[in-house]
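Structure file structure.csv; described as CSV, C-alpha atoms and all ligand atoms.
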chain,number,residue,atom,x,y,z
F,1,MET,CA,0.0,0.0,0.0
F,2,ALA,CA,1.3,3.5,-0.9
F,3,LEU,CA,2.4,5.5,2.2
F,4,GLY,CA,-0.3,8.2,1.6
F,5,SER,CA,-3.2,5.8,1.5
F,6,ARG,CA,-1.8,3.9,4.5
F,7,CYS,CA,-1.7,7.1,6.5
F,8,GLY,CA,-5.2,7.8,5.4
F,9,ALA,CA,-6.4,4.4,6.5
F,10,ILE,CA,-4.7,4.9,9.9
F,11,ARG,CA,-6.4,8.3,10.3
F,12,ALA,CA,-9.8,6.8,9.4
F,13,CYS,CA,-9.3,4.0,11.9
F,14,ARG,CA,-8.2,6.4,14.6
F,15,ARG,CA,-11.3,8.5,13.9
F,16,VAL,CA,-13.6,5.5,14.3
F,17,LEU,CA,-11.9,4.6,17.6
F,18,GLU,CA,-12.1,8.2,18.8
F,19,ARG,CA,-15.8,8.4,17.9
F,20,ALA,CA,-16.5,5.2,19.9
F,21,PHE,CA,-14.5,6.6,22.8
F,22,SER,CA,-16.3,10.0,22.8
F,23,LEU,CA,-19.8,8.4,22.4
F,24,HIS,CA,-18.9,6.2,25.4
F,25,LYS,CA,-18.4,9.4,27.4
F,26,VAL,CA,-21.5,11.2,26.3
F,27,HIS,CA,-23.8,12.5,29.0
F,28,SER,CA,-27.2,11.2,29.8
F,29,VAL,CA,-30.1,13.2,31.3
F,30,LYS,CA,-29.2,11.7,34.7
F,31,ASP,CA,-25.6,12.9,34.2
F,32,MET,CA,-26.9,16.4,33.5
F,33,GLU,CA,-28.6,16.5,36.9
F,34,ASN,CA,-25.4,15.1,38.5
F,35,THR,CA,-23.4,17.8,36.8
F,36,LEU,CA,-25.9,20.5,37.9
F,37,GLN,CA,-25.3,19.3,41.5
F,38,LEU,CA,-21.5,19.8,41.0
F,39,VAL,CA,-22.3,23.4,39.8
F,40,ARG,CA,-24.3,23.9,43.0
F,41,ASN,CA,-21.3,22.7,45.0
F,42,ILE,CA,-19.0,25.5,43.6
F,43,ILE,CA,-21.3,28.4,44.4
F,44,PRO,CA,-19.9,30.4,47.3
F,45,PRO,CA,-22.3,31.0,50.1
F,46,LEU,CA,-23.6,34.5,50.7
F,47,SER,CA,-22.2,35.7,54.0
F,48,SER,CA,-22.3,38.9,56.1
F,49,THR,CA,-18.6,38.5,56.9
F,50,LYS,CA,-17.4,38.8,53.3
F,51,HIS,CA,-16.0,42.1,51.8
F,52,LYS,CA,-16.6,43.6,48.4
F,53,GLY,CA,-14.7,41.8,45.8
F,54,GLN,CA,-14.4,38.4,47.4
F,55,ASP,CA,-17.1,36.8,45.3
F,56,GLY,CA,-15.4,38.0,42.1
F,57,ARG,CA,-13.7,40.8,40.3
F,58,ILE,CA,-14.1,40.1,36.6
F,59,GLY,CA,-12.6,41.9,33.6
F,60,VAL,CA,-14.1,41.9,30.1
F,61,VAL,CA,-11.7,42.8,27.2
F,62,GLY,CA,-13.8,44.0,24.3
F,63,GLY,CA,-15.9,46.8,22.9
F,64,CYS,CA,-15.0,49.0,19.9
F,65,GLN,CA,-16.7,51.6,17.8
F,66,GLU,CA,-19.1,49.1,16.2
F,67,TYR,CA,-19.8,46.8,19.1
F,68,THR,CA,-20.8,48.2,22.5
F,69,GLY,CA,-23.6,45.8,23.3
F,70,ALA,CA,-21.6,42.7,23.5
F,71,PRO,CA,-19.1,43.8,26.2
F,72,TYR,CA,-22.0,45.3,28.2
F,73,PHE,CA,-24.0,42.1,28.1
F,74,ALA,CA,-20.9,40.0,29.2
F,75,ALA,CA,-20.0,42.4,32.0
F,76,ILE,CA,-23.5,43.0,33.4
F,77,SER,CA,-24.1,39.2,33.3
F,78,ALA,CA,-21.0,38.6,35.4
F,79,LEU,CA,-22.5,41.0,38.0
F,80,LYS,CA,-26.0,39.5,37.8
F,81,VAL,CA,-24.6,36.0,38.4
F,82,GLY,CA,-22.9,37.2,41.6
F,83,ALA,CA,-19.6,38.9,40.9
F,84,ASP,CA,-18.9,42.0,43.1
F,85,LEU,CA,-17.1,44.1,40.5
F,86,SER,CA,-17.1,44.0,36.7
F,87,HIS,CA,-14.6,45.9,34.6
F,88,VAL,CA,-14.7,46.6,30.9
F,89,PHE,CA,-11.4,47.3,29.0
F,90,CYS,CA,-12.5,48.7,25.7
F,91,ALA,CA,-11.5,51.1,22.8
F,92,SER,CA,-11.9,54.7,23.7
F,93,ALA,CA,-14.9,55.3,21.3
F,94,ALA,CA,-16.9,52.6,23.0
F,95,ALA,CA,-16.3,53.7,26.6
F,96,PRO,CA,-18.9,56.6,27.0
F,97,VAL,CA,-21.5,54.4,25.4
F,98,ILE,CA,-21.0,51.5,27.7
F,99,LYS,CA,-20.8,53.7,30.8
F,100,ALA,CA,-24.1,55.2,29.7
F,101,TYR,CA,-25.7,51.8,29.6
F,102,SER,CA,-24.9,51.1,33.2
F,103,PRO,CA,-23.6,52.8,36.2
F,104,GLU,CA,-22.7,49.4,37.6
F,105,LEU,CA,-19.7,48.8,35.3
F,106,ILE,CA,-16.2,50.2,35.7
F,107,VAL,CA,-15.1,51.1,32.2
F,108,HIS,CA,-11.5,51.7,31.1
F,109,PRO,CA,-11.1,53.4,27.6
F,110,VAL,CA,-7.6,51.9,27.1
F,111,LEU,CA,-7.7,49.2,24.4
F,112,ASP,CA,-6.6,51.4,21.5
F,113,SER,CA,-4.0,53.4,23.5
F,114,PRO,CA,-0.3,52.8,22.8
F,115,ASN,CA,0.1,51.7,26.4
F,116,ALA,CA,-2.9,49.3,26.3
F,117,VAL,CA,-1.1,46.3,27.6
F,118,HIS,CA,0.5,48.2,30.5
F,119,GLU,CA,-2.9,49.9,31.3
F,120,VAL,CA,-4.6,46.5,31.6
F,121,GLU,CA,-1.7,44.8,33.3
F,122,LYS,CA,-1.9,47.3,36.1
F,123,TRP,CA,-5.4,45.9,37.0
F,124,LEU,CA,-4.5,42.2,36.5
F,125,PRO,CA,-3.4,41.6,40.2
F,126,ARG,CA,-6.9,42.7,41.2
F,127,LEU,CA,-8.8,40.5,38.8
F,128,HIS,CA,-10.0,36.9,39.3
F,129,ALA,CA,-10.8,36.2,35.6
F,130,LEU,CA,-10.9,37.8,32.2
F,131,VAL,CA,-13.4,37.4,29.4
F,132,VAL,CA,-11.7,38.2,26.2
F,133,GLY,CA,-13.4,39.0,22.9
F,134,PRO,CA,-17.0,40.2,23.1
F,135,GLY,CA,-17.4,43.1,20.7
F,136,LEU,CA,-13.7,43.4,20.3
F,137,GLY,CA,-13.8,43.6,16.5
F,138,ARG,CA,-10.9,42.6,14.2
F,139,ASP,CA,-8.7,45.7,14.0
F,140,ASP,CA,-5.1,44.6,13.8
F,141,ALA,CA,-3.8,47.1,16.3
F,142,LEU,CA,-6.5,46.2,18.9
F,143,LEU,CA,-5.8,42.5,18.3
F,144,ARG,CA,-2.0,43.0,18.9
F,145,ASN,CA,-2.8,44.7,22.2
F,146,VAL,CA,-5.1,41.8,23.2
F,147,GLN,CA,-2.3,39.4,22.4
F,148,GLY,CA,-0.1,41.2,24.9
F,149,ILE,CA,-2.9,41.2,27.5
F,150,LEU,CA,-3.4,37.4,27.0
F,151,GLU,CA,0.3,36.8,27.4
F,152,ALA,CA,0.4,39.0,30.6
F,153,SER,CA,-2.7,37.1,32.0
F,154,LYS,CA,-1.1,33.7,31.3
F,155,ALA,CA,2.1,34.8,33.1
F,156,ARG,CA,-0.1,35.6,36.1
F,157,ASP,CA,-2.0,32.4,35.9
F,158,ILE,CA,-5.3,34.3,35.5
F,159,PRO,CA,-8.2,32.2,34.1
F,160,VAL,CA,-9.4,33.4,30.7
F,161,VAL,CA,-12.7,32.8,28.9
F,162,ILE,CA,-12.1,33.5,25.2
F,163,ASP,CA,-15.1,34.3,23.0
F,164,ALA,CA,-16.1,36.0,19.8
F,165,ASP,CA,-13.3,38.0,18.2
F,166,GLY,CA,-10.9,36.7,20.9
F,167,LEU,CA,-11.4,33.4,19.1
F,168,TRP,CA,-10.6,35.1,15.8
F,169,LEU,CA,-7.2,36.0,17.3
F,170,VAL,CA,-6.7,32.5,18.6
F,171,ALA,CA,-7.5,31.0,15.2
F,172,GLN,CA,-4.7,33.2,13.8
F,173,GLN,CA,-2.3,32.2,16.6
F,174,PRO,CA,-3.3,29.0,18.4
F,175,ALA,CA,0.1,29.1,20.2
F,176,LEU,CA,-1.3,31.9,22.3
F,177,ILE,CA,-3.4,29.5,24.4
F,178,GLN,CA,-1.9,26.2,23.5
F,179,GLY,CA,-1.8,24.1,26.7
F,180,TYR,CA,-3.0,26.9,28.9
F,181,GLN,CA,-5.1,24.9,31.5
F,182,LYS,CA,-7.0,28.0,32.7
F,183,ALA,CA,-8.5,28.9,29.3
F,184,VAL,CA,-12.0,28.1,28.2
F,185,LEU,CA,-13.0,28.8,24.6
F,186,THR,CA,-16.7,29.4,23.8
F,187,PRO,CA,-17.1,29.2,20.0
F,188,ASN,CA,-20.4,29.4,18.1
F,189,HIS,CA,-20.9,27.3,15.0
F,190,MET,CA,-18.8,29.5,12.7
F,191,GLU,CA,-16.1,30.3,15.3
F,192,PHE,CA,-15.7,26.5,15.9
F,193,SER,CA,-15.3,25.7,12.2
F,194,ARG,CA,-12.7,28.5,11.9
F,195,LEU,CA,-10.7,27.3,14.9
F,196,TYR,CA,-10.9,23.6,13.9
F,197,ASP,CA,-9.7,24.4,10.5
F,198,ALA,CA,-6.8,26.5,11.8
F,199,VAL,CA,-5.7,24.0,14.4
F,200,LEU,CA,-6.5,20.6,12.8
F,201,ARG,CA,-6.0,21.7,9.2
F,202,GLY,CA,-9.2,20.1,7.9
F,203,PRO,CA,-13.0,20.6,7.9
F,204,VAL,CA,-15.2,19.6,10.9
F,205,ASP,CA,-17.0,16.3,10.7
F,206,SER,CA,-20.5,17.6,11.1
F,207,ASP,CA,-21.8,14.0,11.9
F,208,ASP,CA,-19.5,13.8,14.9
F,209,ARG,CA,-19.8,17.0,17.0
F,210,HIS,CA,-18.6,15.2,20.1
F,211,GLY,CA,-15.5,13.8,18.5
F,212,SER,CA,-14.8,17.2,16.8
F,213,VAL,CA,-14.9,19.1,20.1
F,214,LEU,CA,-12.8,16.4,21.8
F,215,ARG,CA,-10.2,16.5,19.0
F,216,LEU,CA,-9.9,20.3,19.1
F,217,SER,CA,-9.5,20.3,22.8
F,218,ARG,CA,-6.8,17.7,22.6
F,219,ALA,CA,-5.0,19.4,19.8
F,220,LEU,CA,-4.9,22.6,21.8
F,221,GLY,CA,-3.3,20.8,24.7
F,222,ASN,CA,-6.5,20.0,26.7
F,223,VAL,CA,-7.8,23.6,26.7
F,224,THR,CA,-11.5,23.5,27.6
F,225,VAL,CA,-13.8,24.0,24.6
F,226,VAL,CA,-17.5,24.8,24.6
F,227,GLN,CA,-19.2,24.4,21.3
F,228,LYS,CA,-22.5,26.3,21.4
F,229,GLY,CA,-25.5,25.1,19.4
F,230,GLU,CA,-28.8,23.3,19.6
F,231,ARG,CA,-27.0,21.2,22.3
F,232,ASP,CA,-23.8,22.6,23.8
F,233,ILE,CA,-20.9,20.2,23.6
F,234,LEU,CA,-18.1,20.7,26.2
F,235,SER,CA,-14.8,19.0,26.4
F,236,ASN,CA,-11.4,19.2,28.1
F,237,GLY,CA,-10.0,16.5,25.8
F,238,GLN,CA,-10.7,13.8,28.3
F,239,GLN,CA,-14.4,14.1,29.1
F,240,VAL,CA,-17.3,15.2,26.9
F,241,LEU,CA,-20.4,16.8,28.5
F,242,VAL,CA,-23.6,17.7,26.7
F,243,CYS,CA,-25.9,20.5,27.9
F,244,SER,CA,-29.4,20.3,26.5
F,245,GLN,CA,-31.1,22.4,29.1
F,246,GLU,CA,-34.4,23.6,27.5
F,247,GLY,CA,-34.0,27.1,25.9
F,248,SER,CA,-36.2,28.3,23.0
F,249,SER,CA,-36.1,28.8,19.3
F,250,ARG,CA,-35.3,32.5,19.7
F,251,ARG,CA,-31.8,33.2,18.5
F,252,CYS,CA,-31.3,37.0,19.1
F,253,GLY,CA,-27.7,38.3,19.1
F,254,GLY,CA,-26.0,38.7,22.5
F,255,GLN,CA,-26.9,35.3,24.1
F,256,GLY,CA,-23.3,34.1,23.7
F,257,ASP,CA,-22.1,37.3,25.6
F,258,LEU,CA,-24.4,36.4,28.5
F,259,LEU,CA,-22.8,32.9,28.5
F,260,SER,CA,-19.2,34.2,28.4
F,261,GLY,CA,-19.8,36.8,31.1
F,262,SER,CA,-21.4,34.3,33.4
F,263,LEU,CA,-18.7,31.8,32.7
F,264,GLY,CA,-16.0,34.3,33.9
F,265,VAL,CA,-17.5,34.3,37.4
F,266,LEU,CA,-18.2,30.5,37.5
F,267,VAL,CA,-14.6,29.7,36.4
F,268,HIS,CA,-13.4,31.8,39.3
F,269,TRP,CA,-15.7,30.1,41.7
F,270,ALA,CA,-14.9,26.6,40.4
F,271,LEU,CA,-11.1,27.1,40.7
F,272,LEU,CA,-11.6,28.5,44.2
F,273,ALA,CA,-13.7,25.5,45.2
F,274,GLY,CA,-11.2,23.0,43.7
F,275,PRO,CA,-11.6,19.4,42.5
F,276,GLU,CA,-13.0,18.2,45.9
F,277,LYS,CA,-16.2,20.1,45.3
F,278,THR,CA,-16.4,18.9,41.7
F,279,ASN,CA,-16.0,15.3,42.7
F,280,GLY,CA,-12.8,14.9,40.6
F,281,SER,CA,-14.4,16.5,37.4
F,282,SER,CA,-12.5,19.4,35.9
F,283,PRO,CA,-13.6,22.6,37.6
F,284,LEU,CA,-13.6,24.4,34.3
F,285,LEU,CA,-15.9,21.9,32.7
F,286,VAL,CA,-18.3,22.1,35.6
F,287,ALA,CA,-18.2,26.0,35.4
F,288,ALA,CA,-18.8,25.8,31.7
F,289,PHE,CA,-21.7,23.4,32.1
F,290,GLY,CA,-23.2,25.9,34.7
F,291,ALA,CA,-22.9,28.9,32.3
F,292,CYS,CA,-24.5,26.9,29.4
F,293,SER,CA,-27.4,25.7,31.6
F,294,LEU,CA,-28.0,29.2,33.0
F,295,THR,CA,-27.9,30.9,29.6
F,296,ARG,CA,-30.4,28.4,28.1
F,297,GLN,CA,-32.7,28.7,31.2
F,298,CYS,CA,-32.7,32.5,30.9
F,299,ASN,CA,-33.6,32.1,27.2
F,300,HIS,CA,-36.4,29.7,28.2
F,301,GLN,CA,-37.8,32.0,30.8
F,302,ALA,CA,-37.6,35.2,28.7
F,303,PHE,CA,-39.3,33.4,25.8
F,304,GLN,CA,-42.2,32.4,28.1
F,305,LYS,CA,-42.8,36.1,28.7
F,306,HIS,CA,-41.8,37.8,25.4
F,307,GLY,CA,-42.0,35.1,22.7
F,308,ARG,CA,-40.6,36.3,19.4
F,309,SER,CA,-39.8,39.7,20.7
F,310,THR,CA,-37.3,38.3,23.3
F,311,THR,CA,-34.0,40.1,23.3
F,312,THR,CA,-30.8,39.5,25.3
F,313,SER,CA,-31.8,42.3,27.7
F,314,ASP,CA,-34.9,40.3,28.5
F,315,MET,CA,-32.7,37.3,29.2
F,316,ILE,CA,-30.4,39.2,31.5
F,317,ALA,CA,-33.5,40.3,33.5
F,318,GLU,CA,-34.1,36.5,34.1
F,319,VAL,CA,-30.6,35.7,35.4
F,320,GLY,CA,-31.6,35.9,39.1
F,321,ALA,CA,-34.7,33.7,38.8
F,322,ALA,CA,-33.0,31.3,36.4
F,323,PHE,CA,-30.0,31.0,38.8
F,324,SER,CA,-32.3,30.2,41.7
F,325,LYS,CA,-34.3,27.7,39.8
F,326,LEU,CA,-31.2,25.8,38.6
F,327,PHE,CA,-28.8,26.2,41.5
F,328,GLU,CA,-30.6,27.1,44.7
F,329,THR,CA,-33.1,24.3,44.8
C,1,LIG,N1,-25.0,44.0,20.4
C,1,LIG,C1,-23.7,43.7,20.1
C,1,LIG,O1,-22.8,44.5,20.2
C,1,LIG,C2,-23.3,42.3,19.6
C,1,LIG,C3,-22.1,42.1,19.1
C,1,LIG,N2,-21.6,40.9,18.8
C,1,LIG,C4,-20.3,40.9,18.3
C,1,LIG,O2,-20.2,40.8,16.9
C,1,LIG,C5,-18.9,40.3,16.5
C,1,LIG,C6,-19.0,39.2,15.5
C,1,LIG,O3,-19.7,38.1,16.1
C,1,LIG,P1,-20.4,36.9,15.3
C,1,LIG,O4,-21.1,36.0,16.2
C,1,LIG,O5,-21.3,37.6,14.2
C,1,LIG,O6,-19.2,36.2,14.7
C,1,LIG,P2,-18.8,35.7,13.2
C,1,LIG,O7,-18.5,36.9,12.4
C,1,LIG,O8,-17.9,34.7,13.3
C,1,LIG,O9,-20.2,35.2,12.6
C,1,LIG,C7,-20.8,34.1,13.0
C,1,LIG,C8,-21.8,33.8,11.9
C,1,LIG,O10,-22.2,32.5,12.0
C,1,LIG,C9,-23.6,32.4,11.8
C,1,LIG,N3,-24.0,31.3,12.6
C,1,LIG,C10,-24.2,31.3,14.0
C,1,LIG,N4,-24.7,30.1,14.4
C,1,LIG,C11,-24.7,29.3,13.2
C,1,LIG,C12,-25.2,28.0,12.9
C,1,LIG,N5,-25.6,27.2,13.9
C,1,LIG,N6,-25.1,27.6,11.7
C,1,LIG,C13,-24.7,28.4,10.7
C,1,LIG,N7,-24.3,29.7,10.9
C,1,LIG,C14,-24.3,30.1,12.1
C,1,LIG,C15,-24.2,33.7,12.3
C,1,LIG,O11,-25.3,34.1,11.6
C,1,LIG,C16,-23.1,34.7,12.0
C,1,LIG,O12,-23.2,35.3,10.7
C,1,LIG,C17,-18.3,39.9,17.8
C,1,LIG,O13,-17.4,40.9,18.3
C,1,LIG,C18,-19.4,39.7,18.8
C,1,LIG,O14,-19.1,39.8,20.1
C,1,LIG,C19,-22.4,39.7,19.0
C,1,LIG,O15,-21.9,39.3,20.3
C,1,LIG,C20,-23.9,40.0,19.0
C,1,LIG,C21,-24.3,41.2,19.8
C,2,LIG,N1,-30.3,25.9,18.1
C,2,LIG,C1,-30.2,26.2,19.3
C,2,LIG,N2,-31.1,25.7,20.2
C,2,LIG,C2,-31.1,26.1,21.5
C,2,LIG,N3,-30.1,26.8,22.1
C,2,LIG,C3,-29.2,27.3,21.3
C,2,LIG,C4,-29.1,27.0,19.9
C,2,LIG,N4,-28.1,27.6,19.3
C,2,LIG,C5,-27.5,28.3,20.3
C,2,LIG,N5,-28.1,28.1,21.5
C,2,LIG,C6,-27.8,28.6,22.8
C,2,LIG,O1,-27.6,30.1,22.7
C,2,LIG,C7,-26.6,30.5,23.4
C,2,LIG,C8,-25.7,31.4,22.5
C,2,LIG,O2,-25.2,30.6,21.5
C,2,LIG,P1,-25.0,31.2,20.0
C,2,LIG,O3,-24.5,30.1,19.1
C,2,LIG,O4,-26.1,32.1,19.7
C,2,LIG,O5,-23.7,32.1,20.4
C,2,LIG,P2,-23.1,33.4,19.7
C,2,LIG,O6,-23.4,33.3,18.2
C,2,LIG,O7,-21.7,33.6,20.1
C,2,LIG,O8,-24.0,34.6,20.3
C,2,LIG,P3,-23.7,36.1,20.2
C,2,LIG,O9,-24.8,36.7,19.4
C,2,LIG,O10,-23.8,36.6,21.6
C,2,LIG,O11,-22.4,36.4,19.7
C,2,LIG,C9,-25.9,29.3,24.0
C,2,LIG,O12,-26.3,29.2,25.4
C,2,LIG,C10,-26.4,28.2,23.2
C,2,LIG,O13,-26.6,27.0,24.1
C,3,MG,MG,-20.6,35.4,20.1
For this file, produce the structure as structure tokens.
Ligand SMILES: NC(=O)C1=CN([C@@H]2O[C@H](COP(=O)(O)OP(=O)(O)OC[C@H]3O[C@@H](n4cnc5c(N)ncnc54)[C@H](O)[C@@H]3O)[C@@H](O)[C@H]2O)[C@@H](O)CC1
Ligand SMILES: Nc1ncnc2c1ncn2[C@@H]1O[C@H](COP(=O)(O)OP(=O)(O)OP(=O)(O)O)[C@@H](O)[C@H]1O
Ligand SMILES: [Mg+2]
Amino acid sequence: MALGSRCGAIRACRRVLERAFSLHKVHSVKDMENTLQLVRNIIPPLSSTKHKGQDGRIGVVGGCQEYTGAPYFAAISALKVGADLSHVFCASAAAPVIKAYSPELIVHPVLDSPNAVHEVEKWLPRLHALVVGPGLGRDDALLRNVQGILEASKARDIPVVIDADGLWLVAQQPALIQGYQKAVLTPNHMEFSRLYDAVLRGPVDSDDRHGSVLRLSRALGNVTVVQKGERDILSNGQQVLVCSQEGSSRRCGGQGDLLSGSLGVLVHWALLAGPEKTNGSSPLLVAAFGACSLTRQCNHQAFQKHGRSTTTSDMIAEVGAAFSKLFET
């Protein structure tokens, strides 16, 4: 057999084995309930002895002239889930707009400044997690600054959730997060295909979503990957979880930002709680499962009230009730 076709046969064989392996690990409905219990375990108790900041200081890196809604949705969702302080590091044109949406957010107009990396780095010692990408845009100068911010965050071992245009950057330079165990990527359908193609140099096998997510995570050195869709598929290259919490058929823009902002807080809580509380499961996978369930539950509740007119703001108004329903039972 020619070497080329032999390699092809070996690859096909490996794929069949991987598919069987990943199917073996797929989550049942009972597993979903068990995983929700693990999410409940990582939620810090409310206590009168805590000081401001202890339950989470989250930074969102994103927001440019075109997109001001996305970083707002992510940052306000972090607060609504239970973080104490939520910062947005955005381009100067976006800052007054985001500030005007909400007095609750701390907004830094630094991302397009020549000292952007330094300006954000100053804050890093005070932040528990970063959410990188919502509404960032794809301007080269901004992306270069975000590359520096990611490198500085890794050097400090700060957990990072990478979403939206942050994933565009990672698709250009996968080495930026290769093997970083405190990174979670949250691609939508398109972002996943782009990343997969960049990292594995081939198209996604649409008949095998579980295997595809597992393979991408492994190829990135076991970085946690959350592929959003009709069902969310989550993997750290070892385990595959599926979140099929009931949502709705309403697909308004901004729902992914709610997910990445909530995940910023949950990642911090999960790492603080540690593997004891997650029963040996990866804390980042448990956090991601929590954020997916919560986003979908918000979507479900908002749709009950608003039907086709549901928007992401309606979903954010449901965060408190959805959180109680899922996690405070
Ligand atoms: N109000 C705002 O400011 C918003 C800004 N956004 C920002 O907009 C920028 C671009 O984000 P995009 O999500 O558009 O990224 P992309 O430019 O990668 O586009 C994703 C495309 O994939 C399509 N798509 C999604 N799910 C699909 C599926 N299951 N099958 C086939 N196609 C599918 C969408 O229609 C969209 O055109 C980001 O910076 C993002 O954060 C969005 O977050 C939405 C809200
Ligand atoms: N077909 C679907 N059915 C049910 N839920 C879905 C479906 N597609 C996506 N979702 C849910 O919607 C949320 C956002 O996923 P989506 O794919 O819209 O992200 P996104 O494109 O990044 O959003 P954004 O507009 O914020 O950028 C996730 O919680 C996901 O589980
Ligand atoms: Mg998105």
Check every protein, DNA and RNA residue against ligand LIG 2 (chain C), keep those with an atom at most 8 Å away (counting all atoms listed in the file), and present them as a VMD selection string.
-> chain F and resid 70 134 163 to 164 186 to 189 228 to 232 243 to 244 246 to 259 291 to 296 299
Residues from last step as file, C-alpha atoms, as a short mmCIF file (atom, residue, chain, number, x, y, z; two decimals), in the coordinates of the input:
data_model
loop_
_atom_site.label_atom_id
_atom_site.label_comp_id
_atom_site.auth_asym_id
_atom_site.auth_seq_id
_atom_site.Cartn_x
_atom_site.Cartn_y
_atom_site.Cartn_z
CA ALA F 70 -21.60 42.70 23.50
CA PRO F 134 -17.00 40.20 23.10
CA ASP F 163 -15.10 34.30 23.00
CA ALA F 164 -16.10 36.00 19.80
CA THR F 186 -16.70 29.40 23.80
CA PRO F 187 -17.10 29.20 20.00
CA ASN F 188 -20.40 29.40 18.10
CA HIS F 189 -20.90 27.30 15.00
CA LYS F 228 -22.50 26.30 21.40
CA GLY F 229 -25.50 25.10 19.40
CA GLU F 230 -28.80 23.30 19.60
CA ARG F 231 -27.00 21.20 22.30
CA ASP F 232 -23.80 22.60 23.80
CA CYS F 243 -25.90 20.50 27.90
CA SER F 244 -29.40 20.30 26.50
CA GLU F 246 -34.40 23.60 27.50
CA GLY F 247 -34.00 27.10 25.90
CA SER F 248 -36.20 28.30 23.00
CA SER F 249 -36.10 28.80 19.30
CA ARG F 250 -35.30 32.50 19.70
CA ARG F 251 -31.80 33.20 18.50
CA CYS F 252 -31.30 37.00 19.10
CA GLY F 253 -27.70 38.30 19.10
CA GLY F 254 -26.00 38.70 22.50
CA GLN F 255 -26.90 35.30 24.10
CA GLY F 256 -23.30 34.10 23.70
CA ASP F 257 -22.10 37.30 25.60
CA LEU F 258 -24.40 36.40 28.50
CA LEU F 259 -22.80 32.90 28.50
CA ALA F 291 -22.90 28.90 32.30
CA CYS F 292 -24.50 26.90 29.40
CA SER F 293 -27.40 25.70 31.60
CA LEU F 294 -28.00 29.20 33.00
CA THR F 295 -27.90 30.90 29.60
CA ARG F 296 -30.40 28.40 28.10
CA ASN F 299 -33.60 32.10 27.20
#
Write out as a PyMOL selection string each polymer residue whose atoms come within 8 Å of Val146 in chain F, counting only C-alpha atoms; drop sequence neighbours fewer than 6 positions from it.
-> chain F and resi 61+111+117
Could you tell me which of F:Ser260, F:Asn34, F:Asn222, F:Ser324 comes closest to Ala288 in chain F if we count only C-alpha atoms?
->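 Checking each of F:Ser260, F:Asn34, F:Asn222, F:Ser324 against Ala288 in chain F, counting only C-alpha atoms, the winner is F:Ser260.
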Nearest candidate to ligand LIG 1 (chain C) (options F:Gly261, F:Gly320, F:Pro96, F:Gly82; using all atoms listed in the file) = F:Gly261
Kindly indicate which residue among F:Asp197, F:Glu33, F:Asp165, F:Glu104 lies nearest to ligand MG 3 (chain C), using all atoms listed in the file for the distances.
->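 Among the listed residues, the smallest separation from ligand MG 3 (chain C) belongs to F:Asp165.
Of the residues under consideration (F:Cys90, F:Val170, F:Ala100, F:Leu326), F:Cys90 shows the shortest atom-to-atom contact distance to Gln65 in chain F when counting all atoms listed in the file.
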Would you mind listing what lies within 8 Å of range 171-176 of chain F as a PyMOL selection string, with all atoms listed in the file counted and same-chain residues fewer than 3 positions away left out?
-> chain F and resi 147+150-151+167-168+194-195+198-199+220
Quick one: distance from atom O1 of ligand LIG 1 (chain C) to CA of Glu66 in chain F in Å, one decimal?
->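 Between these atoms lies a distance of 7.1 Å.
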Find the residues near range 182-184 of chain F: any atom within 6 Å, counting all atoms listed in the file, skip ones fewer than 3 places away on the same chain, and give them as a ChimeraX atom specification.
-> /F:159-161,223-225
Please measure the separation of CA of Ser153 in chain F and CA of Phe89 in chain F, giving the value in Å to one decimal.
->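 CA of Phe89 in chain F lies at a distance of 13.7 Å from CA of Ser153 in chain F.
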So how many Å separate CA of Leu36 in chain F and CA of Ala129 in chain F, to one decimal?
->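 Rounded to one decimal, the two atoms are 21.9 Å apart.
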Find the residues near range 267-277 of chain F: any atom within 8 Å, counting all atoms listed in the file, skip ones fewer than 5 places away on the same chain, and give them as a list in words.
->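 Residues near the query, excluding close chain neighbours: Leu38, Asn41, Ile42, Ile43, Pro44, Asp55, Gly56, His128, Ala129, Pro159, Ser282, Pro283, Leu284, Val286, Ala287 and Ala288 of chain F.
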How about saving the chosen residues, C-alpha atoms kept, as a short mmCIF file (atom, residue, chain, number, x, y, z; two decimals), keeping the file's coordinate frame?
data_model
loop_
_atom_site.label_atom_id
_atom_site.label_comp_id
_atom_site.auth_asym_id
_atom_site.auth_seq_id
_atom_site.Cartn_x
_atom_site.Cartn_y
_atom_site.Cartn_z
CA LEU F 38 -21.50 19.80 41.00
CA ASN F 41 -21.30 22.70 45.00
CA ILE F 42 -19.00 25.50 43.60
CA ILE F 43 -21.30 28.40 44.40
CA PRO F 44 -19.90 30.40 47.30
CA ASP F 55 -17.10 36.80 45.30
CA GLY F 56 -15.40 38.00 42.10
CA HIS F 128 -10.00 36.90 39.30
CA ALA F 129 -10.80 36.20 35.60
CA PRO F 159 -8.20 32.20 34.10
CA SER F 282 -12.50 19.40 35.90
CA PRO F 283 -13.60 22.60 37.60
CA LEU F 284 -13.60 24.40 34.30
CA VAL F 286 -18.30 22.10 35.60
CA ALA F 287 -18.20 26.00 35.40
CA ALA F 288 -18.80 25.80 31.70
#
Residue with smallest distance to Gly133 in chain F - pool F:Val81, F:Leu263, F:Ala75, F:Val60, counting only C-alpha atoms = F:Val60
Excluding Val204 in chain F and residues on its chain fewer than 6 positions from it, collect all residues at most 9 Å away from it, counting all atoms listed in the file, and give them as a PyMOL selection string.
-> chain F and resi 192-193+196-197+212
